[in-house]
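Chemist: Below is the file model_19.cif, which contains mmCIF, C-alpha atoms and all ligand atoms.
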```cif
data_upload
loop_
_atom_site.label_atom_id
_atom_site.label_comp_id
_atom_site.auth_asym_id
_atom_site.auth_seq_id
_atom_site.Cartn_x
_atom_site.Cartn_y
_atom_site.Cartn_z
CA MET A 1 75.43 142.54 128.63
CA ASN A 2 73.98 139.18 127.77
CA ALA A 3 75.55 137.63 124.72
CA LEU A 4 74.84 134.86 122.31
CA PRO A 5 76.51 131.55 123.21
CA VAL A 6 79.18 130.45 120.80
CA PRO A 7 79.68 126.64 120.85
CA LYS A 8 83.46 126.54 121.40
CA PRO A 9 84.96 125.78 124.84
CA PRO A 10 87.91 128.01 125.80
CA ARG A 11 90.45 125.17 125.65
CA LEU A 12 89.41 124.32 122.14
CA GLN A 13 89.46 128.00 121.31
CA ARG A 14 93.06 128.28 122.53
CA ALA A 15 94.05 125.22 120.54
CA VAL A 16 92.38 126.60 117.42
CA ARG A 17 94.12 129.92 117.93
CA ARG A 18 97.49 128.16 118.04
CA ALA A 19 96.72 126.17 114.92
CA VAL A 20 95.23 128.78 112.59
CA SER A 21 94.91 132.51 112.35
CA PRO A 22 91.63 134.01 113.63
CA ALA A 23 90.95 135.35 110.13
CA LEU A 24 91.31 131.89 108.56
CA PHE A 25 89.18 130.27 111.27
CA ASP A 26 86.49 132.94 110.84
CA PHE A 27 86.49 132.48 107.07
CA TRP A 28 85.57 128.81 107.35
CA ALA A 29 83.50 128.81 110.55
CA THR A 30 81.21 131.59 109.36
CA ARG A 31 80.38 129.44 106.32
CA PHE A 32 78.45 127.25 108.82
CA ASN A 33 77.17 129.96 111.16
CA PRO A 34 77.92 133.66 110.64
CA LEU A 35 78.23 134.18 114.42
CA TRP A 36 80.92 131.50 114.92
CA THR A 37 84.01 133.63 115.07
CA LEU A 38 87.15 133.12 117.10
CA GLU A 39 87.50 136.72 118.29
CA GLN A 40 85.51 139.07 116.06
CA PRO A 41 82.35 140.48 117.68
CA MET A 42 79.31 139.98 115.46
CA ALA A 43 75.61 140.73 115.90
CA ARG A 44 72.40 139.49 114.39
CA LEU A 45 69.67 141.90 113.30
CA LEU A 46 66.52 141.08 115.27
CA SER A 47 64.09 143.85 114.30
CA ARG A 48 63.68 147.16 112.50
CA THR A 49 61.03 149.80 113.33
CA PRO A 50 60.46 153.37 112.03
CA ALA A 51 61.92 156.14 114.24
CA GLY A 52 61.28 159.49 112.53
CA ARG A 53 61.70 160.71 108.95
CA ASP A 54 64.14 158.46 107.06
CA ALA A 55 65.21 156.88 110.36
CA VAL A 56 64.75 153.38 111.73
CA THR A 57 65.68 151.67 114.98
CA LEU A 58 67.46 148.34 114.65
CA VAL A 59 67.76 145.85 117.49
CA LEU A 60 70.95 143.76 117.37
CA ARG A 61 72.01 140.80 119.48
CA PRO A 62 75.82 140.60 119.83
CA ASN A 63 77.77 137.36 120.14
CA ARG A 64 79.94 136.71 123.20
CA HIS A 65 83.05 138.37 121.81
CA TRP A 66 81.47 141.78 122.26
CA ARG A 67 82.55 143.25 125.61
CA GLY A 68 79.56 145.55 126.18
CA MET A 69 79.36 149.33 126.38
CA LEU A 70 78.53 152.27 128.56
CA PRO A 71 75.64 154.57 127.65
CA GLY A 72 77.00 157.40 125.49
CA GLN A 73 79.66 155.31 123.74
CA HIS A 74 79.80 154.37 120.05
CA VAL A 75 80.44 151.17 118.13
CA ASN A 76 81.54 150.53 114.58
CA VAL A 77 79.04 148.48 112.60
CA GLY A 78 80.31 146.73 109.47
CA VAL A 79 78.20 145.44 106.59
CA GLU A 80 79.16 143.83 103.32
CA ILE A 81 77.84 145.64 100.27
CA GLU A 82 78.71 144.39 96.80
CA GLY A 83 81.71 142.49 98.12
CA ARG A 84 83.13 145.39 100.15
CA ARG A 85 83.02 145.56 103.94
CA LEU A 86 82.02 149.08 104.93
CA VAL A 87 82.06 150.36 108.49
CA ARG A 88 80.22 153.24 110.14
CA SER A 89 79.90 154.35 113.75
CA TYR A 90 76.65 154.46 115.68
CA SER A 91 75.78 155.19 119.29
CA PRO A 92 73.54 152.38 120.51
CA THR A 93 71.20 152.26 123.46
CA PRO A 94 71.97 149.13 125.52
CA LEU A 95 68.69 147.35 126.35
CA ASP A 96 67.99 145.31 129.47
CA ASP A 97 67.91 141.96 127.66
CA GLY A 98 71.48 142.33 126.38
CA THR A 99 70.53 143.57 122.94
CA LEU A 100 71.45 146.92 121.40
CA ALA A 101 69.14 149.46 119.78
CA ILE A 102 70.77 151.48 117.01
CA THR A 103 68.89 154.31 115.33
CA VAL A 104 70.03 154.84 111.75
CA LYS A 105 69.08 157.76 109.55
CA ALA A 106 69.33 157.01 105.84
CA MET A 107 71.68 159.67 104.48
CA PRO A 108 71.54 160.74 100.83
CA GLY A 109 74.16 158.60 99.09
CA GLY A 110 75.00 156.83 102.37
CA LEU A 111 75.75 153.22 101.45
CA VAL A 112 75.82 151.82 104.99
CA SER A 113 72.93 153.87 106.37
CA GLY A 114 70.80 153.12 103.30
CA HIS A 115 71.59 149.42 103.58
CA LEU A 116 70.77 149.24 107.29
CA ALA A 117 67.68 151.42 106.97
CA SER A 118 65.96 149.45 104.23
CA LYS A 119 67.92 146.60 102.65
CA ALA A 120 69.36 144.49 105.47
CA ARG A 121 67.07 141.57 106.28
CA ILE A 122 65.99 140.44 109.71
CA GLY A 123 68.42 137.66 110.65
CA ASP A 124 71.37 139.22 108.81
CA VAL A 125 74.69 139.36 110.68
CA VAL A 126 76.91 142.46 110.92
CA THR A 127 80.34 142.97 112.44
CA LEU A 128 80.58 145.02 115.63
CA GLY A 129 83.63 146.85 116.93
CA GLN A 130 84.28 147.16 120.65
CA ALA A 131 82.73 150.27 122.19
CA PHE A 132 84.69 153.52 122.25
CA GLY A 133 84.16 157.14 123.23
CA GLU A 134 84.61 159.18 126.39
CA MET A 135 81.18 160.80 126.60
CA THR A 136 80.02 158.65 129.50
CA LEU A 137 78.76 159.34 133.02
CA ALA A 138 80.02 156.91 135.66
CA ALA A 139 78.84 158.77 138.77
CA PRO A 140 77.53 162.20 137.76
CA ARG A 141 78.13 164.91 140.35
CA ASP A 142 77.58 168.12 138.37
CA ASP A 143 74.21 169.09 136.96
CA LEU A 144 74.15 168.48 133.22
CA LEU A 145 73.33 170.36 130.06
CA LEU A 146 72.98 167.91 127.16
CA LEU A 147 73.06 169.43 123.66
CA ALA A 148 72.06 167.27 120.71
CA ALA A 149 71.53 167.98 117.03
CA GLY A 150 70.17 165.47 114.53
CA SER A 151 71.58 161.99 115.15
CA GLY A 152 73.46 163.41 118.14
CA ILE A 153 70.34 162.54 120.12
CA THR A 154 71.25 158.83 120.14
CA PRO A 155 74.02 158.93 122.79
CA MET A 156 71.97 161.48 124.76
CA ARG A 157 68.98 159.16 124.80
CA ALA A 158 71.18 156.36 126.14
CA LEU A 159 72.54 158.70 128.83
CA VAL A 160 69.10 159.99 129.82
CA ARG A 161 67.72 156.45 130.09
CA SER A 162 70.66 155.45 132.23
CA LEU A 163 70.23 158.50 134.51
CA ALA A 164 66.51 157.77 134.79
CA ALA A 165 67.31 154.21 135.85
CA GLN A 166 69.48 155.71 138.62
CA GLY A 167 66.60 157.97 139.77
CA MET A 168 67.95 161.10 138.00
CA PRO A 169 70.69 161.90 140.55
CA VAL A 170 71.43 165.38 139.10
CA LYS A 171 69.52 168.08 137.25
CA VAL A 172 69.52 167.49 133.50
CA ASP A 173 68.50 169.93 130.76
CA LEU A 174 68.39 168.29 127.33
CA MET A 175 68.18 170.60 124.31
CA TYR A 176 67.57 168.76 121.05
CA TRP A 177 67.72 170.48 117.67
CA ALA A 178 66.28 169.20 114.39
CA ARG A 179 65.26 171.00 111.25
CA GLN A 180 61.61 169.96 111.31
CA ARG A 181 59.29 168.14 113.67
CA ASP A 182 59.11 164.88 111.74
CA GLU A 183 62.91 164.52 112.01
CA LEU A 184 62.79 164.30 115.80
CA CYS A 185 63.40 160.85 117.32
CA PHE A 186 62.45 159.45 120.75
CA VAL A 187 60.37 162.53 121.65
CA ASP A 188 57.50 160.61 123.27
CA GLU A 189 59.95 158.57 125.33
CA LEU A 190 61.99 161.60 126.39
CA GLN A 191 58.88 163.57 127.36
CA ALA A 192 57.56 160.61 129.35
CA LEU A 193 60.88 160.44 131.21
CA ALA A 194 60.71 164.19 131.88
CA ALA A 195 57.16 163.81 133.22
CA ALA A 196 58.36 161.04 135.53
CA HIS A 197 61.54 162.83 136.69
CA PRO A 198 61.12 166.51 137.70
CA ARG A 199 64.90 167.06 137.53
CA LEU A 200 64.89 166.28 133.79
CA ARG A 201 63.81 168.99 131.37
CA VAL A 202 63.60 168.29 127.64
CA ARG A 203 63.35 171.05 125.05
CA THR A 204 63.08 170.41 121.32
CA LEU A 205 64.06 173.14 118.87
CA LEU A 206 63.20 173.28 115.17
CA THR A 207 65.47 175.44 113.04
CA ARG A 208 63.28 175.21 109.93
CA ASP A 209 59.87 175.46 111.50
CA GLU A 210 57.79 177.44 109.00
CA SER A 211 55.98 179.64 111.49
CA HIS A 212 58.51 180.06 114.29
CA PRO A 213 62.05 178.77 113.65
CA ASP A 214 64.14 178.36 116.77
CA GLU A 215 67.59 179.84 117.29
CA ARG A 216 70.69 177.70 116.83
CA ILE A 217 73.16 176.98 119.61
CA ASP A 218 75.31 180.02 118.80
CA ALA A 219 72.43 182.49 119.30
CA ILE A 220 69.92 180.88 121.63
CA THR A 221 69.27 182.32 125.08
CA LEU A 222 70.32 179.92 127.81
CA THR A 223 68.87 181.79 130.80
CA SER A 224 66.36 178.97 131.35
CA VAL A 225 69.24 176.67 132.36
CA ASP A 226 69.78 177.15 136.12
CA ASP A 227 73.36 177.79 137.22
CA LEU A 228 74.80 177.36 133.76
CA ALA A 229 78.34 178.06 134.96
CA SER A 230 78.28 175.01 137.24
CA ARG A 231 76.95 172.58 134.63
CA ARG A 232 78.84 169.86 132.85
CA VAL A 233 77.98 170.11 129.16
CA LEU A 234 77.92 167.20 126.73
CA ALA A 235 77.32 168.03 123.07
CA CYS A 236 76.86 165.72 120.11
CA GLY A 237 75.88 166.48 116.53
CA PRO A 238 77.38 167.47 113.19
CA GLY A 239 80.85 169.03 113.22
CA GLY A 240 79.55 172.60 112.79
CA PHE A 241 77.10 172.22 115.68
CA VAL A 242 79.78 170.88 118.00
CA GLN A 243 82.19 173.66 117.05
CA ALA A 244 79.52 176.31 117.67
CA ALA A 245 78.60 174.74 121.02
CA ARG A 246 82.26 174.66 122.03
CA ALA A 247 82.79 178.30 121.03
CA ARG A 248 79.71 179.32 122.95
CA LEU A 249 80.21 177.40 126.20
CA GLU A 250 83.73 176.05 126.72
CA GLY A 251 85.39 177.96 129.55
CA GLY A 252 82.04 179.23 130.83
CA VAL A 253 80.79 175.94 132.30
CA ALA A 254 82.16 173.37 134.76
CA ARG A 255 83.27 171.03 131.97
CA PHE A 256 82.64 170.70 128.24
CA ASP A 257 82.80 167.40 126.33
CA ALA A 258 81.73 166.91 122.76
CA GLU A 259 81.73 164.43 119.94
CA ALA A 260 80.96 165.27 116.33
CA PHE A 261 79.67 162.61 113.95
CA SER A 262 80.71 164.41 110.80
CA ALA A 263 84.06 165.85 109.83
CA PRO A 264 84.47 169.23 111.49
CA ALA A 265 85.13 172.29 109.38
CA LEU A 266 88.82 173.08 109.11
CA VAL A 267 90.04 175.75 111.47
CA ASP A 268 92.44 178.20 109.82
CA GLY A 269 92.31 176.13 106.64
CA GLU A 270 95.51 176.19 104.58
CA GLU A 271 95.52 176.42 100.82
CA GLY A 272 97.49 174.73 98.09
CA GLU A 273 98.68 171.16 97.67
CA VAL A 274 101.33 168.85 99.11
CA GLN A 275 103.02 165.65 97.99
CA VAL A 276 102.17 162.60 100.10
CA LEU A 277 104.38 159.52 99.72
CA LEU A 278 102.73 156.24 100.71
CA ALA A 279 105.76 154.34 101.97
CA ARG A 280 104.41 150.78 101.61
CA SER A 281 103.13 151.09 98.06
CA GLY A 282 105.67 153.67 96.91
CA ARG A 283 102.92 155.83 95.42
CA THR A 284 103.13 159.60 95.59
CA LEU A 285 99.87 161.54 95.62
CA THR A 286 99.08 165.21 95.38
CA LEU A 287 96.60 166.11 98.12
CA ALA A 288 94.93 169.40 99.01
CA ARG A 289 95.83 171.07 102.30
CA GLY A 290 92.19 172.05 102.72
CA GLN A 291 90.77 168.60 103.42
CA SER A 292 91.43 165.74 105.79
CA LEU A 293 93.87 163.03 104.75
CA LEU A 294 91.03 160.50 104.80
CA GLU A 295 88.95 162.55 102.38
CA GLY A 296 91.98 163.27 100.22
CA LEU A 297 93.00 159.61 99.98
CA GLU A 298 89.42 158.56 99.22
CA ALA A 299 89.22 161.20 96.49
CA GLN A 300 92.24 159.47 94.90
CA GLY A 301 90.41 156.13 94.90
CA LEU A 302 92.09 154.65 97.99
CA ARG A 303 90.11 152.98 100.74
CA PRO A 304 91.90 153.51 104.05
CA ALA A 305 90.30 151.70 107.00
CA HIS A 306 88.03 154.02 108.92
CA GLY A 307 85.02 153.98 111.23
CA CYS A 308 83.70 157.03 113.01
CA ARG A 309 85.26 159.71 110.76
CA MET A 310 85.33 161.94 113.82
CA GLY A 311 88.62 161.19 115.52
CA ILE A 312 87.57 158.88 118.33
CA CYS A 313 87.58 155.22 117.23
CA ASN A 314 91.24 155.08 116.08
CA THR A 315 90.36 152.81 113.14
CA CYS A 316 92.02 155.16 110.66
CA VAL A 317 95.25 155.60 112.59
CA CYS A 318 98.47 155.18 110.59
CA GLY A 319 102.15 155.87 111.01
CA ARG A 320 103.60 159.17 109.80
CA GLU A 321 107.30 159.01 109.08
CA SER A 322 107.81 162.68 108.33
CA GLY A 323 105.99 165.91 107.60
CA THR A 324 103.51 168.06 109.49
CA VAL A 325 99.77 167.60 109.82
CA ARG A 326 97.13 169.95 111.13
CA HIS A 327 94.28 168.84 113.43
CA THR A 328 91.10 169.69 111.59
CA LEU A 329 89.19 170.62 114.72
CA THR A 330 91.70 172.57 116.75
CA GLY A 331 94.05 173.81 114.01
CA ALA A 332 97.05 172.55 116.06
CA HIS A 333 100.08 171.43 114.02
CA ASN A 334 102.06 168.28 114.73
CA GLY A 335 105.38 167.68 113.02
CA GLU A 336 106.89 165.19 115.44
CA PRO A 337 108.52 162.49 113.29
CA SER A 338 107.56 158.80 113.49
CA THR A 339 104.25 159.30 115.25
CA GLN A 340 100.77 158.13 114.40
CA VAL A 341 98.03 160.23 112.89
CA ARG A 342 94.30 159.77 112.62
CA LEU A 343 93.57 160.31 108.96
CA CYS A 344 90.00 161.53 109.52
CA VAL A 345 90.96 164.53 111.66
CA SER A 346 94.37 165.34 110.17
CA ALA A 347 94.98 167.55 107.16
CA PRO A 348 98.37 167.73 105.45
CA SER A 349 100.26 170.91 106.16
CA THR A 350 103.57 169.99 104.48
CA ASP A 351 104.76 167.14 102.27
CA LEU A 352 104.27 163.86 104.15
CA VAL A 353 105.45 160.28 104.26
CA LEU A 354 102.70 157.97 105.54
CA ASP A 355 103.02 154.31 106.47
CA LEU A 356 100.35 153.21 104.00
S1 LIG A 401 87.79 156.95 111.54
FE1 LIG A 401 87.57 156.89 113.70
S2 LIG A 401 89.37 157.96 114.39
FE2 LIG A 401 89.39 158.20 112.25
#
```
Give the structure from the file, written as structure tokens.

Modeler:
Amino acid sequence: MNALPVPKPPRLQRAVRRAVSPALFDFWATRFNPLWTLEQPMARLLSRTPAGRDAVTLVLRPNRHWRGMLPGQHVNVGVEIEGRRLVRSYSPTPLDDGTLAITVKAMPGGLVSGHLASKARIGDVVTLGQAFGEMTLAAPRDDLLLLAAGSGITPMRALVRSLAAQGMPVKVDLMYWARQRDELCFVDELQALAAAHPRLRVRTLLTRDESHPDERIDAITLTSVDDLASRRVLACGPGGFVQAARARLEGGVARFDAEAFSAPALVDGEEGEVQVLLARSGRTLTLARGQSLLEGLEAQGLRPAHGCRMGICNTCVCGRESGTVRHTLTGAHNGEPSTQVRLCVSAPSTDLVLDL
């Protein structure tokens, strides 16, 4: 990826790093230029264009501290709203000129999405995390079935563009669900790619179409996908969509990978409450077994660091000194002492001591 030049030679940078903490340097340097950081990747907002109902596409130019990404990965984007830095994960499309295109749907009550969709000004600077996520395709060998719902289309678009740039080396069926037609994003682009590449087939499905609603992933017929059993499946969408796709296909295809962008529904949810001791502050909280630790702590007014809220960026990880947690997606329990937990995909099963 191209990156913005930052006017600090490496030797000076090393000297600065020895003299002051990166946080202190950033505090003062960004008073002069918001992109002058010692280590923190930042990006400037270059443009914003409509991309479907309540959705916009932002183009961002990162500074040189950002290490780039593979199509299909995610990044955490941080904005400051009323004095608080809030972070959310998005799956950008890397563009040829070194910029990133991020499509943001304004969610009801969503502070970050609402800010990015309508309030952030061209020229504003946001923080960027380094890219994360395993849903990438280095050298695809198996034919693919890509399943996207809602904003889950954004990593799929990046993957399809990347495959098109490689001449579409394998067969690709992309199935893209939205509630209604005006919520679909990138359709013209995806259909143009399908017209140019006979191995790519794109199918859009509308679950709330007034005249002819389409079936959801758990009920739809998949006979149109050739050799389904030999396909690698990638799925991205809300937690319920990903769970349904997994239940439908995992074990019946060559490989199944998925990422959910909302908290998955609890499997085998447990009832009742537990006591959670926060070791650093000495506070004891009563949290429900039926929700993730992140949600439970937020409901008590705490603000644990977090990014993706889906168990892949590791921003919310914290030490667990004792007690058992349950993985919210798989239902698996983990009671091994002195290990780390990801708050967003862990629900308390017993009383806990957390290193918070
Ligand atoms: S917020 Fe990303 S892993 Fe929990």

Chemist: Do you know which residues are at most 6 Å from stretch 297-311 of chain A counting only C-alpha atoms, after dropping those on the same chain fewer than 6 positions away, and could you put them as a PDB file with C-alpha atoms, keeping the file's coordinate frame?

Modeler:
```pdb
ATOM      1  CA  ASN A  76      81.540 150.530 114.580  1.00  0.00           C
ATOM      2  CA  VAL A  87      82.060 150.360 108.490  1.00  0.00           C
ATOM      3  CA  ARG A  88      80.220 153.240 110.140  1.00  0.00           C
ATOM      4  CA  SER A  89      79.900 154.350 113.750  1.00  0.00           C
ATOM      5  CA  PHE A 261      79.670 162.610 113.950  1.00  0.00           C
ATOM      6  CA  ALA A 263      84.060 165.850 109.830  1.00  0.00           C
ATOM      7  CA  CYS A 344      90.000 161.530 109.520  1.00  0.00           C
ATOM      8  CA  VAL A 345      90.960 164.530 111.660  1.00  0.00           C
TER       9      VAL A 345
END
```

Chemist: Which is closer to ligand LIG 401 (chain A) than all the others in A:Ala139, A:Thr315, A:Arg208, A:Leu329, using all atoms listed in the file?

Modeler: A:Thr315

Chemist: Which one is closest to ligand LIG 401 (chain A): A:Glu215, A:Glu189, A:Leu86, A:Gly150? Count only C-alpha atoms and all ligand atoms.

Modeler: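 Answer, going by the shortest atom-to-atom distance: A:Leu86.
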
Chemist: Please, what distance in Å, to one decimal, runs between atom CA of A:Arg232 and atom CA of A:Leu70?

Modeler: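 Interatomic distance, atom CA of A:Arg232 to atom CA of A:Leu70: 18.1 Å.
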
Chemist: Calculate how many Å separate atom CA of A:Leu354 from atom CA of A:Ser322, rounding to one decimal.

Modeler: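 For atom CA of A:Leu354 relative to atom CA of A:Ser322, the distance reads 7.5 Å.
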
Chemist: One decimal, in Å: what's the spacing between atom CA of A:Ser151 and atom CA of A:Ala332?

Modeler: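 These two atoms are separated by 27.6 Å.
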
Chemist: Near stretch 339-342 of chain A, within 12 Å and counting all atoms listed in the file, which residues show up once chain neighbours fewer than 3 positions away are dropped, as number ranges by chain?

Modeler: A: 292-295, 304-328, 333-336, 345-348, 352-356

Chemist: Choose the residue, out of A:Asn63, A:Asp188, A:Glu259, A:Met168, that has the smallest atom-to-atom separation from ligand LIG 401 (chain A); count all atoms listed in the file.

Modeler: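 Looking at the shortest contact to ligand LIG 401 (chain A), the residue is A:Glu259.
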
Chemist: Find the residue from A:Val187, A:Arg67, A:Pro337, A:Gly133 that sits nearest to ligand LIG 401 (chain A); use all atoms listed in the file when measuring.

Modeler: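 Smallest distance to ligand LIG 401 (chain A) is found for A:Gly133.
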
Chemist: My list of candidates is A:Leu147, A:Ala260, A:Leu137, A:Leu234. Which is closest to ligand LIG 401 (chain A) when distances are computed with only C-alpha atoms and all ligand atoms?

Modeler: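 Nearest to ligand LIG 401 (chain A): A:Ala260.
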
Chemist: Which residues come within 12 Å of A:Arg203, counting all atoms listed in the file, excluding same-chain residues fewer than 3 positions away, as a PyMOL selection string?

Modeler: chain A and resi 145-149+172-178+184+187+190-191+194+200+206+214+222+224-225

Chemist: For A:Gly78, list every protein, DNA or RNA residue within 12 Å, evaluated using all atoms listed in the file, and leave out those in the same chain fewer than 4 positions away; present the list as a PDB file with C-alpha atoms, in the coordinates of the input.

Modeler:
```
ATOM      1  CA  GLN A  40      85.510 139.070 116.060  1.00  0.00           C
ATOM      2  CA  PRO A  41      82.350 140.480 117.680  1.00  0.00           C
ATOM      3  CA  MET A  42      79.310 139.980 115.460  1.00  0.00           C
ATOM      4  CA  ALA A  43      75.610 140.730 115.900  1.00  0.00           C
ATOM      5  CA  ARG A  44      72.400 139.490 114.390  1.00  0.00           C
ATOM      6  CA  ARG A  84      83.130 145.390 100.150  1.00  0.00           C
ATOM      7  CA  ARG A  85      83.020 145.560 103.940  1.00  0.00           C
ATOM      8  CA  LEU A  86      82.020 149.080 104.930  1.00  0.00           C
ATOM      9  CA  VAL A  87      82.060 150.360 108.490  1.00  0.00           C
ATOM     10  CA  ARG A  88      80.220 153.240 110.140  1.00  0.00           C
ATOM     11  CA  SER A  89      79.900 154.350 113.750  1.00  0.00           C
ATOM     12  CA  TYR A  90      76.650 154.460 115.680  1.00  0.00           C
ATOM     13  CA  LEU A 111      75.750 153.220 101.450  1.00  0.00           C
ATOM     14  CA  VAL A 112      75.820 151.820 104.990  1.00  0.00           C
ATOM     15  CA  SER A 113      72.930 153.870 106.370  1.00  0.00           C
ATOM     16  CA  HIS A 115      71.590 149.420 103.580  1.00  0.00           C
ATOM     17  CA  LEU A 116      70.770 149.240 107.290  1.00  0.00           C
ATOM     18  CA  ALA A 120      69.360 144.490 105.470  1.00  0.00           C
ATOM     19  CA  ASP A 124      71.370 139.220 108.810  1.00  0.00           C
ATOM     20  CA  VAL A 125      74.690 139.360 110.680  1.00  0.00           C
ATOM     21  CA  VAL A 126      76.910 142.460 110.920  1.00  0.00           C
ATOM     22  CA  THR A 127      80.340 142.970 112.440  1.00  0.00           C
ATOM     23  CA  LEU A 128      80.580 145.020 115.630  1.00  0.00           C
ATOM     24  CA  GLY A 129      83.630 146.850 116.930  1.00  0.00           C
ATOM     25  CA  GLN A 130      84.280 147.160 120.650  1.00  0.00           C
ATOM     26  CA  ALA A 305      90.300 151.700 107.000  1.00  0.00           C
ATOM     27  CA  HIS A 306      88.030 154.020 108.920  1.00  0.00           C
ATOM     28  CA  GLY A 307      85.020 153.980 111.230  1.00  0.00           C
ATOM     29  CA  CYS A 308      83.700 157.030 113.010  1.00  0.00           C
TER      30      CYS A 308
END
```

Chemist: Could you give me, as a PDB file with C-alpha atoms, keeping the file's coordinate frame, the residues within 8 Å of stretch 226-230 of chain A, counting only C-alpha atoms and dropping anything in the same chain fewer than 5 positions from it?

Modeler:
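Okay, this is what ended up in around32.pdb:
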```pdb
ATOM      1  CA  ASP A 142      77.580 168.120 138.370  1.00  0.00           C
ATOM      2  CA  ASP A 143      74.210 169.090 136.960  1.00  0.00           C
ATOM      3  CA  GLY A 252      82.040 179.230 130.830  1.00  0.00           C
ATOM      4  CA  VAL A 253      80.790 175.940 132.300  1.00  0.00           C
ATOM      5  CA  ALA A 254      82.160 173.370 134.760  1.00  0.00           C
TER       6      ALA A 254
END
```

Chemist: Between A:Ala131, A:Met107, A:Leu287, A:Val79, single out the one closest to ligand LIG 401 (chain A), counting only C-alpha atoms and all ligand atoms.

Modeler: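 Of all the options, A:Ala131 lies closest to ligand LIG 401 (chain A).
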
Chemist: Could you rebuild stretch 72-77 of chain A with all heavy atoms and give me the result as a short mmCIF file (atom, residue, chain, number, x, y, z; two decimals), in the frame of the given file?

Modeler:
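Result written to out_29.cif:
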```
data_model
loop_
_atom_site.label_atom_id
_atom_site.label_comp_id
_atom_site.auth_asym_id
_atom_site.auth_seq_id
_atom_site.Cartn_x
_atom_site.Cartn_y
_atom_site.Cartn_z
N GLY A 72 76.26 156.26 126.02
CA GLY A 72 77.00 157.40 125.49
C GLY A 72 78.15 157.02 124.59
O GLY A 72 78.69 157.87 123.89
N GLN A 73 78.55 155.74 124.62
CA GLN A 73 79.66 155.31 123.74
C GLN A 73 79.15 154.96 122.34
O GLN A 73 77.94 154.91 122.09
CB GLN A 73 80.37 154.10 124.35
CG GLN A 73 81.19 154.45 125.58
CD GLN A 73 82.10 153.31 126.00
OE1 GLN A 73 81.62 152.22 126.29
NE2 GLN A 73 83.39 153.56 126.03
N HIS A 74 80.10 154.71 121.44
CA HIS A 74 79.80 154.37 120.05
C HIS A 74 80.37 152.99 119.74
O HIS A 74 81.28 152.52 120.41
CB HIS A 74 80.45 155.37 119.08
CG HIS A 74 79.98 156.77 119.27
ND1 HIS A 74 79.09 157.40 118.43
CD2 HIS A 74 80.28 157.68 120.22
CE1 HIS A 74 78.86 158.62 118.86
NE2 HIS A 74 79.57 158.82 119.94
N VAL A 75 79.84 152.40 118.67
CA VAL A 75 80.44 151.17 118.13
C VAL A 75 80.51 151.29 116.61
O VAL A 75 79.70 152.00 115.99
CB VAL A 75 79.62 149.90 118.48
CG1 VAL A 75 79.60 149.65 119.97
CG2 VAL A 75 78.22 149.97 117.92
N ASN A 76 81.47 150.62 116.03
CA ASN A 76 81.54 150.53 114.58
C ASN A 76 80.73 149.32 114.12
O ASN A 76 80.91 148.22 114.63
CB ASN A 76 82.99 150.36 114.12
CG ASN A 76 83.76 151.67 114.21
OD1 ASN A 76 83.17 152.74 114.26
ND2 ASN A 76 85.08 151.58 114.23
N VAL A 77 79.86 149.55 113.17
CA VAL A 77 79.04 148.48 112.60
C VAL A 77 79.51 148.27 111.16
O VAL A 77 79.61 149.24 110.39
CB VAL A 77 77.55 148.86 112.62
CG1 VAL A 77 76.70 147.80 111.92
CG2 VAL A 77 77.07 149.06 114.06
#
```
